[in-house]
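Shown here: model.pdb, PDB, C-alpha atoms (C1' of nucleotides).
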ATOM      1  CA  MET A 230     -71.155 -19.114-112.130  1.00  0.00           C
ATOM      2  CA  ARG A 231     -68.362 -18.386-114.493  1.00  0.00           C
ATOM      3  CA  LYS A 232     -67.271 -14.803-114.776  1.00  0.00           C
ATOM      4  CA  TYR A 233     -66.364 -14.965-118.424  1.00  0.00           C
ATOM      5  CA  PRO A 234     -68.495 -17.163-120.653  1.00  0.00           C
ATOM      6  CA  LEU A 235     -65.835 -17.041-123.292  1.00  0.00           C
ATOM      7  CA  PRO A 236     -65.038 -19.327-126.200  1.00  0.00           C
ATOM      8  CA  SER A 237     -61.622 -20.945-126.331  1.00  0.00           C
ATOM      9  CA  LEU A 238     -59.186 -18.070-126.394  1.00  0.00           C
ATOM     10  CA  ASP A 239     -56.866 -20.020-128.655  1.00  0.00           C
ATOM     11  CA  LEU A 240     -59.570 -19.890-131.303  1.00  0.00           C
ATOM     12  CA  LEU A 241     -59.673 -16.126-130.928  1.00  0.00           C
ATOM     13  CA  HIS A 242     -55.952 -16.022-131.547  1.00  0.00           C
ATOM     14  CA  SER A 243     -56.357 -17.857-134.830  1.00  0.00           C
ATOM     15  CA  PHE A 244     -59.321 -15.717-135.749  1.00  0.00           C
ATOM     16  CA  GLU A 245     -57.219 -12.604-135.238  1.00  0.00           C
ATOM     17  CA  ALA A 246     -54.508 -13.889-137.548  1.00  0.00           C
ATOM     18  CA  VAL A 247     -56.990 -14.739-140.294  1.00  0.00           C
ATOM     19  CA  ALA A 248     -58.687 -11.371-140.005  1.00  0.00           C
ATOM     20  CA  ARG A 249     -55.360  -9.569-140.141  1.00  0.00           C
ATOM     21  CA  HIS A 250     -54.056 -11.521-143.138  1.00  0.00           C
ATOM     22  CA  ARG A 251     -57.433 -11.830-144.811  1.00  0.00           C
ATOM     23  CA  SER A 252     -56.309 -15.340-145.623  1.00  0.00           C
ATOM     24  CA  PHE A 253     -56.568 -18.715-143.943  1.00  0.00           C
ATOM     25  CA  THR A 254     -53.422 -19.930-145.648  1.00  0.00           C
ATOM     26  CA  LEU A 255     -51.241 -17.019-144.582  1.00  0.00           C
ATOM     27  CA  ALA A 256     -52.629 -17.116-141.074  1.00  0.00           C
ATOM     28  CA  ALA A 257     -51.793 -20.809-140.924  1.00  0.00           C
ATOM     29  CA  ASP A 258     -48.196 -20.067-141.907  1.00  0.00           C
ATOM     30  CA  GLU A 259     -47.888 -17.521-139.154  1.00  0.00           C
ATOM     31  CA  LEU A 260     -49.450 -19.806-136.598  1.00  0.00           C
ATOM     32  CA  CYS A 261     -47.359 -22.774-137.674  1.00  0.00           C
ATOM     33  CA  LEU A 262     -50.477 -24.722-138.539  1.00  0.00           C
ATOM     34  CA  THR A 263     -52.026 -25.992-141.750  1.00  0.00           C
ATOM     35  CA  GLN A 264     -54.713 -24.161-143.665  1.00  0.00           C
ATOM     36  CA  SER A 265     -56.957 -27.069-142.827  1.00  0.00           C
ATOM     37  CA  ALA A 266     -56.526 -26.657-139.089  1.00  0.00           C
ATOM     38  CA  VAL A 267     -57.138 -22.928-139.196  1.00  0.00           C
ATOM     39  CA  SER A 268     -60.245 -23.397-141.282  1.00  0.00           C
ATOM     40  CA  ARG A 269     -61.657 -25.734-138.681  1.00  0.00           C
ATOM     41  CA  GLN A 270     -60.679 -23.465-135.816  1.00  0.00           C
ATOM     42  CA  VAL A 271     -62.508 -20.527-137.349  1.00  0.00           C
ATOM     43  CA  LYS A 272     -65.530 -22.674-138.033  1.00  0.00           C
ATOM     44  CA  ALA A 273     -65.460 -23.893-134.438  1.00  0.00           C
ATOM     45  CA  LEU A 274     -65.344 -20.307-133.232  1.00  0.00           C
ATOM     46  CA  GLU A 275     -68.194 -19.238-135.455  1.00  0.00           C
ATOM     47  CA  ASP A 276     -70.219 -22.186-134.226  1.00  0.00           C
ATOM     48  CA  ALA A 277     -69.421 -21.474-130.590  1.00  0.00           C
ATOM     49  CA  LEU A 278     -70.415 -17.840-130.910  1.00  0.00           C
ATOM     50  CA  GLY A 279     -73.299 -18.340-133.256  1.00  0.00           C
ATOM     51  CA  LEU A 280     -71.872 -15.576-135.425  1.00  0.00           C
ATOM     52  CA  ARG A 281     -70.555 -15.499-138.955  1.00  0.00           C
ATOM     53  CA  LEU A 282     -67.170 -13.807-138.780  1.00  0.00           C
ATOM     54  CA  PHE A 283     -65.943 -13.979-142.369  1.00  0.00           C
ATOM     55  CA  HIS A 284     -67.234 -13.631-145.877  1.00  0.00           C
ATOM     56  CA  ARG A 285     -65.601 -16.371-147.915  1.00  0.00           C
ATOM     57  CA  LEU A 286     -65.129 -14.922-151.353  1.00  0.00           C
ATOM     58  CA  HIS A 287     -63.410 -16.302-154.396  1.00  0.00           C
ATOM     59  CA  ARG A 288     -59.842 -15.352-153.788  1.00  0.00           C
ATOM     60  CA  ALA A 289     -60.253 -13.243-150.719  1.00  0.00           C
ATOM     61  CA  VAL A 290     -61.585 -13.421-147.229  1.00  0.00           C
ATOM     62  CA  THR A 291     -63.179 -10.412-145.612  1.00  0.00           C
ATOM     63  CA  VAL A 292     -64.513  -9.920-142.143  1.00  0.00           C
ATOM     64  CA  THR A 293     -68.193  -9.404-141.521  1.00  0.00           C
ATOM     65  CA  ALA A 294     -69.398  -6.410-139.513  1.00  0.00           C
ATOM     66  CA  GLU A 295     -69.420  -8.568-136.393  1.00  0.00           C
ATOM     67  CA  GLY A 296     -66.031  -9.966-137.287  1.00  0.00           C
ATOM     68  CA  GLN A 297     -64.619  -6.483-137.542  1.00  0.00           C
ATOM     69  CA  ARG A 298     -65.852  -5.517-134.100  1.00  0.00           C
ATOM     70  CA  LEU A 299     -64.452  -8.678-132.605  1.00  0.00           C
ATOM     71  CA  PHE A 300     -61.187  -8.248-134.467  1.00  0.00           C
ATOM     72  CA  GLU A 301     -60.673  -4.795-133.010  1.00  0.00           C
ATOM     73  CA  SER A 302     -61.447  -5.989-129.532  1.00  0.00           C
ATOM     74  CA  VAL A 303     -59.195  -9.014-129.733  1.00  0.00           C
ATOM     75  CA  THR A 304     -56.389  -7.001-131.289  1.00  0.00           C
ATOM     76  CA  ARG A 305     -56.505  -4.531-128.431  1.00  0.00           C
ATOM     77  CA  GLY A 306     -56.362  -7.354-125.940  1.00  0.00           C
ATOM     78  CA  LEU A 307     -53.523  -9.189-127.617  1.00  0.00           C
ATOM     79  CA  ASP A 308     -51.525  -6.025-128.077  1.00  0.00           C
ATOM     80  CA  ASP A 309     -51.965  -5.181-124.444  1.00  0.00           C
ATOM     81  CA  VAL A 310     -51.049  -8.611-123.117  1.00  0.00           C
ATOM     82  CA  SER A 311     -48.194  -8.826-125.562  1.00  0.00           C
ATOM     83  CA  ALA A 312     -46.789  -5.498-124.391  1.00  0.00           C
ATOM     84  CA  CYS A 313     -47.235  -6.516-120.788  1.00  0.00           C
ATOM     85  CA  LEU A 314     -45.308  -9.743-121.287  1.00  0.00           C
ATOM     86  CA  ALA A 315     -42.559  -7.931-123.125  1.00  0.00           C
ATOM     87  CA  ALA A 316     -42.301  -5.413-120.289  1.00  0.00           C
ATOM     88  CA  LEU A 317     -42.031  -8.277-117.824  1.00  0.00           C
ATOM     89  CA  GLY A 318     -39.254  -9.807-119.868  1.00  0.00           C
ATOM     90  CA  ALA A 319     -41.259 -12.969-120.367  1.00  0.00           C
ATOM     91  CA  ALA A 320     -39.865 -15.625-122.644  1.00  0.00           C
ATOM     92  CA  THR A 321     -41.322 -15.249-126.109  1.00  0.00           C
ATOM     93  CA  LYS A 322     -41.252 -18.799-127.266  1.00  0.00           C
ATOM     94  CA  ALA A 323     -44.322 -19.983-129.097  1.00  0.00           C
ATOM     95  CA  PRO A 324     -46.775 -22.250-127.333  1.00  0.00           C
ATOM     96  CA  SER A 325     -46.380 -26.018-127.679  1.00  0.00           C
TER      97      SER A 325
ATOM     98  CA  MET B1065     -42.686 -14.163-138.397  1.00  0.00           C
ATOM     99  CA  ARG B1066     -45.457 -14.351-135.924  1.00  0.00           C
ATOM    100  CA  LYS B1067     -46.964 -11.096-134.831  1.00  0.00           C
ATOM    101  CA  TYR B1068     -47.769 -12.194-131.318  1.00  0.00           C
ATOM    102  CA  PRO B1069     -45.326 -14.554-129.652  1.00  0.00           C
ATOM    103  CA  LEU B1070     -47.942 -15.427-127.089  1.00  0.00           C
ATOM    104  CA  PRO B1071     -48.396 -18.418-124.839  1.00  0.00           C
ATOM    105  CA  SER B1072     -51.573 -20.437-125.152  1.00  0.00           C
ATOM    106  CA  LEU B1073     -54.358 -17.994-124.440  1.00  0.00           C
ATOM    107  CA  ASP B1074     -56.359 -20.706-122.747  1.00  0.00           C
ATOM    108  CA  LEU B1075     -53.661 -20.856-120.097  1.00  0.00           C
ATOM    109  CA  LEU B1076     -54.042 -17.135-119.570  1.00  0.00           C
ATOM    110  CA  HIS B1077     -57.726 -17.657-119.015  1.00  0.00           C
ATOM    111  CA  SER B1078     -57.061 -20.158-116.256  1.00  0.00           C
ATOM    112  CA  PHE B1079     -54.374 -17.950-114.793  1.00  0.00           C
ATOM    113  CA  GLU B1080     -56.851 -15.097-114.578  1.00  0.00           C
ATOM    114  CA  ALA B1081     -59.368 -17.225-112.710  1.00  0.00           C
ATOM    115  CA  VAL B1082     -56.769 -18.399-110.203  1.00  0.00           C
ATOM    116  CA  ALA B1083     -55.511 -14.869-109.617  1.00  0.00           C
ATOM    117  CA  ARG B1084     -59.034 -13.584-109.121  1.00  0.00           C
ATOM    118  CA  HIS B1085     -60.057 -16.341-106.722  1.00  0.00           C
ATOM    119  CA  ARG B1086     -56.646 -16.627-105.106  1.00  0.00           C
ATOM    120  CA  SER B1087     -57.310 -20.338-105.191  1.00  0.00           C
ATOM    121  CA  PHE B1088     -56.654 -23.151-107.614  1.00  0.00           C
ATOM    122  CA  THR B1089     -59.596 -25.123-106.327  1.00  0.00           C
ATOM    123  CA  LEU B1090     -62.143 -22.340-106.708  1.00  0.00           C
ATOM    124  CA  ALA B1091     -60.784 -21.417-110.108  1.00  0.00           C
ATOM    125  CA  ALA B1092     -61.147 -25.040-111.154  1.00  0.00           C
ATOM    126  CA  ASP B1093     -64.791 -25.014-110.095  1.00  0.00           C
ATOM    127  CA  GLU B1094     -65.461 -21.932-112.155  1.00  0.00           C
ATOM    128  CA  LEU B1095     -63.645 -23.320-115.155  1.00  0.00           C
ATOM    129  CA  CYS B1096     -65.332 -26.707-114.874  1.00  0.00           C
ATOM    130  CA  LEU B1097     -61.987 -28.399-114.451  1.00  0.00           C
ATOM    131  CA  THR B1098     -60.260 -30.189-111.594  1.00  0.00           C
ATOM    132  CA  GLN B1099     -57.793 -28.541-109.248  1.00  0.00           C
ATOM    133  CA  SER B1100     -55.216 -30.859-110.727  1.00  0.00           C
ATOM    134  CA  ALA B1101     -55.741 -29.617-114.257  1.00  0.00           C
ATOM    135  CA  VAL B1102     -55.602 -25.977-113.237  1.00  0.00           C
ATOM    136  CA  SER B1103     -52.439 -26.536-111.256  1.00  0.00           C
ATOM    137  CA  ARG B1104     -50.773 -27.984-114.317  1.00  0.00           C
ATOM    138  CA  GLN B1105     -52.050 -25.233-116.572  1.00  0.00           C
ATOM    139  CA  VAL B1106     -50.600 -22.556-114.348  1.00  0.00           C
ATOM    140  CA  LYS B1107     -47.318 -24.392-114.136  1.00  0.00           C
ATOM    141  CA  ALA B1108     -47.264 -24.714-117.913  1.00  0.00           C
ATOM    142  CA  LEU B1109     -47.860 -20.997-118.234  1.00  0.00           C
ATOM    143  CA  GLU B1110     -45.130 -20.142-115.763  1.00  0.00           C
ATOM    144  CA  ASP B1111     -42.765 -22.422-117.628  1.00  0.00           C
ATOM    145  CA  ALA B1112     -43.692 -20.961-120.998  1.00  0.00           C
ATOM    146  CA  LEU B1113     -43.179 -17.416-119.795  1.00  0.00           C
ATOM    147  CA  GLY B1114     -40.222 -18.097-117.589  1.00  0.00           C
ATOM    148  CA  LEU B1115     -41.974 -16.147-114.849  1.00  0.00           C
ATOM    149  CA  ARG B1116     -43.230 -17.110-111.427  1.00  0.00           C
ATOM    150  CA  LEU B1117     -46.812 -15.850-111.254  1.00  0.00           C
ATOM    151  CA  PHE B1118     -47.966 -17.035-107.831  1.00  0.00           C
ATOM    152  CA  HIS B1119     -46.690 -17.383-104.323  1.00  0.00           C
ATOM    153  CA  ARG B1120     -47.929 -20.718-103.037  1.00  0.00           C
ATOM    154  CA  LEU B1121     -48.502 -20.220 -99.358  1.00  0.00           C
ATOM    155  CA  HIS B1122     -49.949 -22.540 -96.803  1.00  0.00           C
ATOM    156  CA  ARG B1123     -53.620 -21.982 -97.179  1.00  0.00           C
ATOM    157  CA  ALA B1124     -53.564 -19.130 -99.633  1.00  0.00           C
ATOM    158  CA  VAL B1125     -52.306 -18.250-103.059  1.00  0.00           C
ATOM    159  CA  THR B1126     -51.140 -14.759-103.869  1.00  0.00           C
ATOM    160  CA  VAL B1127     -49.907 -13.271-107.105  1.00  0.00           C
ATOM    161  CA  THR B1128     -46.326 -12.153-107.502  1.00  0.00           C
ATOM    162  CA  ALA B1129     -45.553  -8.638-108.718  1.00  0.00           C
ATOM    163  CA  GLU B1130     -45.277  -9.952-112.272  1.00  0.00           C
ATOM    164  CA  GLY B1131     -48.445 -11.935-111.802  1.00  0.00           C
ATOM    165  CA  GLN B1132     -50.296  -8.823-110.723  1.00  0.00           C
ATOM    166  CA  ARG B1133     -49.232  -6.905-113.815  1.00  0.00           C
ATOM    167  CA  LEU B1134     -50.241  -9.771-116.045  1.00  0.00           C
ATOM    168  CA  PHE B1135     -53.506 -10.220-114.196  1.00  0.00           C
ATOM    169  CA  GLU B1136     -54.476  -6.600-114.781  1.00  0.00           C
ATOM    170  CA  SER B1137     -53.611  -6.818-118.445  1.00  0.00           C
ATOM    171  CA  VAL B1138     -55.453 -10.074-119.010  1.00  0.00           C
ATOM    172  CA  THR B1139     -58.463  -8.868-117.055  1.00  0.00           C
ATOM    173  CA  ARG B1140     -58.721  -5.792-119.238  1.00  0.00           C
ATOM    174  CA  GLY B1141     -58.534  -7.922-122.335  1.00  0.00           C
ATOM    175  CA  LEU B1142     -61.084 -10.462-121.191  1.00  0.00           C
ATOM    176  CA  ASP B1143     -63.462  -7.774-120.000  1.00  0.00           C
ATOM    177  CA  ASP B1144     -63.182  -6.056-123.338  1.00  0.00           C
ATOM    178  CA  VAL B1145     -63.682  -9.142-125.453  1.00  0.00           C
ATOM    179  CA  SER B1146     -66.439 -10.313-123.181  1.00  0.00           C
ATOM    180  CA  ALA B1147     -68.282  -7.011-123.534  1.00  0.00           C
ATOM    181  CA  CYS B1148     -67.762  -7.073-127.280  1.00  0.00           C
ATOM    182  CA  LEU B1149     -69.250 -10.533-127.587  1.00  0.00           C
ATOM    183  CA  ALA B1150     -72.177  -9.583-125.409  1.00  0.00           C
ATOM    184  CA  ALA B1151     -72.807  -6.522-127.567  1.00  0.00           C
ATOM    185  CA  LEU B1152     -72.757  -8.716-130.641  1.00  0.00           C
ATOM    186  CA  GLY B1153     -75.254 -11.037-129.063  1.00  0.00           C
ATOM    187  CA  ALA B1154     -72.878 -13.956-129.318  1.00  0.00           C
ATOM    188  CA  ALA B1155     -73.891 -17.234-127.769  1.00  0.00           C
ATOM    189  CA  THR B1156     -72.442 -17.487-124.293  1.00  0.00           C
ATOM    190  CA  LYS B1157     -72.017 -21.203-124.005  1.00  0.00           C
ATOM    191  CA  ALA B1158     -68.769 -22.379-122.525  1.00  0.00           C
ATOM    192  CA  PRO B1159     -66.080 -23.777-124.785  1.00  0.00           C
ATOM    193  CA  SER B1160     -66.041 -27.524-125.427  1.00  0.00           C
TER     194      SER B1160
ATOM    195  C1'  DT C1500     -58.211 -23.994-165.067  1.00  0.00           C
ATOM    196  C1'  DA C1501     -56.315 -22.290-160.779  1.00  0.00           C
ATOM    197  C1'  DA C1502     -56.148 -20.704-156.278  1.00  0.00           C
ATOM    198  C1'  DA C1503     -58.027 -20.855-151.986  1.00  0.00           C
ATOM    199  C1'  DA C1504     -61.229 -22.799-148.507  1.00  0.00           C
ATOM    200  C1'  DA C1505     -63.799 -26.843-146.828  1.00  0.00           C
ATOM    201  C1'  DT C1506     -63.927 -31.539-145.563  1.00  0.00           C
ATOM    202  C1'  DA C1507     -63.311 -36.797-144.853  1.00  0.00           C
ATOM    203  C1'  DC C1508     -60.342 -39.612-142.706  1.00  0.00           C
ATOM    204  C1'  DT C1509     -56.877 -41.008-139.630  1.00  0.00           C
ATOM    205  C1'  DC C1510     -53.676 -40.816-135.824  1.00  0.00           C
ATOM    206  C1'  DC C1511     -51.535 -39.852-131.725  1.00  0.00           C
ATOM    207  C1'  DA C1512     -50.093 -36.325-128.464  1.00  0.00           C
ATOM    208  C1'  DT C1513     -51.646 -34.346-124.683  1.00  0.00           C
ATOM    209  C1'  DA C1514     -55.129 -32.307-121.785  1.00  0.00           C
ATOM    210  C1'  DG C1515     -57.563 -33.773-118.118  1.00  0.00           C
ATOM    211  C1'  DG C1516     -59.415 -37.085-114.532  1.00  0.00           C
ATOM    212  C1'  DT C1517     -58.444 -40.105-110.471  1.00  0.00           C
ATOM    213  C1'  DA C1518     -55.842 -41.124-106.790  1.00  0.00           C
ATOM    214  C1'  DT C1519     -52.089 -40.065-104.052  1.00  0.00           C
ATOM    215  C1'  DT C1520     -48.439 -37.440-102.033  1.00  0.00           C
ATOM    216  C1'  DT C1521     -46.557 -33.311-100.394  1.00  0.00           C
ATOM    217  C1'  DT C1522     -46.620 -29.119 -97.910  1.00  0.00           C
ATOM    218  C1'  DA C1523     -47.357 -26.058 -94.273  1.00  0.00           C
ATOM    219  C1'  DT C1524     -49.660 -24.859 -90.077  1.00  0.00           C
TER     220       DT C1524
ATOM    221  C1'  DA D1328     -55.100 -33.246 -88.361  1.00  0.00           C
ATOM    222  C1'  DT D1329     -56.378 -30.571 -92.142  1.00  0.00           C
ATOM    223  C1'  DA D1330     -56.833 -28.181 -96.139  1.00  0.00           C
ATOM    224  C1'  DA D1331     -54.910 -27.017-100.307  1.00  0.00           C
ATOM    225  C1'  DA D1332     -51.512 -27.650-104.100  1.00  0.00           C
ATOM    226  C1'  DA D1333     -48.450 -30.773-106.658  1.00  0.00           C
ATOM    227  C1'  DT D1334     -47.743 -34.936-109.013  1.00  0.00           C
ATOM    228  C1'  DA D1335     -47.683 -39.863-111.002  1.00  0.00           C
ATOM    229  C1'  DC D1336     -50.249 -42.428-113.839  1.00  0.00           C
ATOM    230  C1'  DC D1337     -53.447 -43.533-117.376  1.00  0.00           C
ATOM    231  C1'  DT D1338     -56.899 -42.844-120.873  1.00  0.00           C
ATOM    232  C1'  DA D1339     -59.813 -40.795-124.258  1.00  0.00           C
ATOM    233  C1'  DT D1340     -60.575 -37.082-127.045  1.00  0.00           C
ATOM    234  C1'  DG D1341     -60.120 -33.922-130.239  1.00  0.00           C
ATOM    235  C1'  DG D1342     -56.690 -31.144-132.528  1.00  0.00           C
ATOM    236  C1'  DA D1343     -53.862 -31.414-136.394  1.00  0.00           C
ATOM    237  C1'  DG D1344     -51.910 -33.465-140.664  1.00  0.00           C
ATOM    238  C1'  DT D1345     -52.608 -35.450-145.386  1.00  0.00           C
ATOM    239  C1'  DA D1346     -55.170 -35.888-149.192  1.00  0.00           C
ATOM    240  C1'  DT D1347     -59.121 -34.691-151.612  1.00  0.00           C
ATOM    241  C1'  DT D1348     -63.135 -32.148-152.952  1.00  0.00           C
ATOM    242  C1'  DT D1349     -65.575 -27.976-153.523  1.00  0.00           C
ATOM    243  C1'  DT D1350     -66.050 -23.367-154.898  1.00  0.00           C
ATOM    244  C1'  DT D1351     -65.975 -19.536-157.929  1.00  0.00           C
ATOM    245  C1'  DA D1352     -63.758 -16.311-160.711  1.00  0.00           C
TER     246       DA D1352
END
Can you give me the file's structure in the form of structure tokens?
Amino acid sequence: MRKYPLPSLDLLHSFEAVARHRSFTLAADELCLTQSAVSRQVKALEDALGLRLFHRLHRAVTVTAEGQRLFESVTRGLDDVSACLAALGAATKAPS
Amino acid sequence: MRKYPLPSLDLLHSFEAVARHRSFTLAADELCLTQSAVSRQVKALEDALGLRLFHRLHRAVTVTAEGQRLFESVTRGLDDVSACLAALGAATKAPS
DNA sequence: TAAAAATACTCCATAGGTATTTTAT
DNA sequence: ATAAAATACCTATGGAGTATTTTTA
């Protein structure tokens, strides 16, 4: 009886970065990970949700309709939490 | 140049469960983890943020003022993402 | 070709379990 | 004495890196 049947939230964080940059490589830079790791994270998220989130094109990545909806939702959430932490004067060091 | 200097979002998820249940043990049950693991996750989050989030009392756990603010913010975010995923018909299986 | 994503392979850090101790009443 | 959280210790897993392959314009 879990209130939130959610996927790993860390995967959502990576998803958000990819959607924002429209690039796995740039997202990886921001997240201090390799392109390889981000690629697998996004795949893991898509598998967990049973949704395709990105269109992999030749030299571009675009979000699917579902991806766009999720992106907006996650962005709202991260913005909100981020603002909350800033207001609380929380340390802003990156995770691990 | 990371847009969101956020802690591990998975830790926020556990934090939210503990704050809601006011219990590490019950949160652990919900999260399919042990009390031990949840205790360490919350400690890791508090360390990462440099904030004390809970008052550990004798037979009760209560959130601090900062914890309450964060709890409200995280709850909003999780509710929103959760609703979004439900609307998209995403699979609801738990993460790994 | 070239630029970007996917993947095979490997490794090891660390997340989590078990068992125990501590705490507070 | 009890119930809950913290912690020491250990182990296995899976997350991440490197190197390579695939894709497609």
For the interface of chain D with chain B (cut-off 12 Å, counting all atoms listed in the file), please tabulate each contacting residue of chain D alongside its nearest pair of atoms and their separation in Å to one decimal, rows sorted by chain and increasing number, as JSON lines.
{"residue": "D:DT1329", "atom": "C1'", "partner": "B:Arg1123", "partner_atom": "CA", "distance": 10.3}
{"residue": "D:DA1330", "atom": "C1'", "partner": "B:Arg1123", "partner_atom": "CA", "distance": 7.1}
{"residue": "D:DA1331", "atom": "C1'", "partner": "B:Arg1123", "partner_atom": "CA", "distance": 6.1}
{"residue": "D:DA1332", "atom": "C1'", "partner": "B:Ser1103", "partner_atom": "CA", "distance": 7.3}
{"residue": "D:DA1333", "atom": "C1'", "partner": "B:Ser1103", "partner_atom": "CA", "distance": 7.4}
{"residue": "D:DT1334", "atom": "C1'", "partner": "B:Ser1100", "partner_atom": "CA", "distance": 8.7}
{"residue": "D:DA1335", "atom": "C1'", "partner": "B:Ser1100", "partner_atom": "CA", "distance": 11.7}
{"residue": "D:DT1340", "atom": "C1'", "partner": "B:Ser1160", "partner_atom": "CA", "distance": 11.1}
{"residue": "D:DG1341", "atom": "C1'", "partner": "B:Ser1160", "partner_atom": "CA", "distance": 10.0}
**Item:** Residues of chain C within 12 Å of chain B, counting only C-alpha atoms (C1' of nucleotides), as number ranges by chain
**Value:** C: 1514-1519, 1521-1524
Export of prior selection with C-alpha atoms (C1' of nucleotides) as a PDB file, keeping the file's coordinate frame:
ATOM      1  C1'  DA C1514     -55.129 -32.307-121.785  1.00  0.00           C
ATOM      2  C1'  DG C1515     -57.563 -33.773-118.118  1.00  0.00           C
ATOM      3  C1'  DG C1516     -59.415 -37.085-114.532  1.00  0.00           C
ATOM      4  C1'  DT C1517     -58.444 -40.105-110.471  1.00  0.00           C
ATOM      5  C1'  DA C1518     -55.842 -41.124-106.790  1.00  0.00           C
ATOM      6  C1'  DT C1519     -52.089 -40.065-104.052  1.00  0.00           C
ATOM      7  C1'  DT C1521     -46.557 -33.311-100.394  1.00  0.00           C
ATOM      8  C1'  DT C1522     -46.620 -29.119 -97.910  1.00  0.00           C
ATOM      9  C1'  DA C1523     -47.357 -26.058 -94.273  1.00  0.00           C
ATOM     10  C1'  DT C1524     -49.660 -24.859 -90.077  1.00  0.00           C
TER      11       DT C1524
END
Per-residue nearest contacts of chain A to chain B (8 Å; all atoms listed in the file) as a tab-separated table:
residue	atom	partner	partner_atom	distance
A:Met230	CA	B:Glu1094	CA	6.4
A:Arg231	CA	B:Glu1094	CA	5.1
A:Lys232	CA	B:Glu1094	CA	7.8
A:Tyr233	CA	B:Ser1146	CA	6.7
A:Pro234	CA	B:Thr1156	CA	5.4
A:Leu235	CA	B:Ala1158	CA	6.1
A:Pro236	CA	B:Pro1159	CA	4.8
A:Ser237	CA	B:Pro1159	CA	5.5
A:Leu238	CA	B:Leu1073	CA	5.2
A:Asp239	CA	B:Leu1073	CA	5.3
A:His242	CA	B:Leu1073	CA	7.5
A:Glu259	CA	B:Arg1066	CA	5.1
A:Leu260	CA	B:Arg1066	CA	6.8
A:Ala277	CA	B:Ala1155	CA	6.8
A:Leu278	CA	B:Ala1155	CA	4.7
A:Gly279	CA	B:Ala1155	CA	5.6
A:Leu280	CA	B:Ala1154	CA	6.4
A:Glu295	CA	B:Leu1152	CA	6.7
A:Arg298	CA	B:Cys1148	CA	7.3
A:Leu299	CA	B:Cys1148	CA	6.5
A:Ser302	CA	B:Val1145	CA	5.6
A:Val303	CA	B:Val1145	CA	6.2
A:Arg305	CA	B:Gly1141	CA	7.3
A:Gly306	CA	B:Gly1141	CA	4.2
A:Leu307	CA	B:Gly1141	CA	7.4
A:Asp308	CA	B:Tyr1068	CA	7.9
A:Asp309	CA	B:Ser1137	CA	6.4
A:Val310	CA	B:Ser1137	CA	5.6
A:Ser311	CA	B:Tyr1068	CA	6.7
A:Cys313	CA	B:Leu1134	CA	6.5
A:Leu314	CA	B:Leu1134	CA	7.2
A:Leu317	CA	B:Glu1130	CA	6.6
A:Ala319	CA	B:Leu1113	CA	4.9
A:Ala320	CA	B:Leu1113	CA	4.7
A:Thr321	CA	B:Pro1069	CA	5.4
A:Lys322	CA	B:Pro1069	CA	6.3
A:Ala323	CA	B:Pro1069	CA	5.5
A:Pro324	CA	B:Pro1071	CA	4.9
Given 8 Å of margin on each side, can you work out the centre and size in Å (one decimal) of an axis-aligned box holding every listed atom of region 1328-1339 of chain D, as lines of an AutoDock Vina configuration file?
center_x = -53.7
center_y = -35.3
center_z = -106.3
size_x = 28.1
size_y = 32.5
size_z = 51.9
**Request:** For C1' of DT1506 (chain C) and C1' of DT1351 (chain D), determine how far apart the two atoms are, in Å to one decimal place.
**Result:** 17.4 Å
**Message:** Give me, as a PyMOL selection string, all polymer residues having an atom no more than 12 Å from DC1508 (chain C), counting all atoms listed in the file and skipping those fewer than 6 positions away in the same chain.
**Reply:** chain D and resi 1344-1347
**Request:** Find the residues around DT1348 (chain D) up to 12 Å (all atoms listed in the file counted), leave out those fewer than 5 positions away in its own chain, and share them as a list in words.
**Result:**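 My list of contacting residues is DA1504, DA1505, DT1506 and DA1507 of chain C.
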**Message:** Could you tell me how far CA of Phe283 (chain A) sits from CA of Ala248 (chain A), in Å to one decimal place?
**Reply:**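 So the answer is 8.1 Å.
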**Request:** Quote the spacing between CA of Val1127 (chain B) and CA of Ala1092 (chain B) in Å to one decimal place.
**Result:**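 Calculated distance between CA of Val1127 (chain B) and CA of Ala1092 (chain B) is 16.8 Å.
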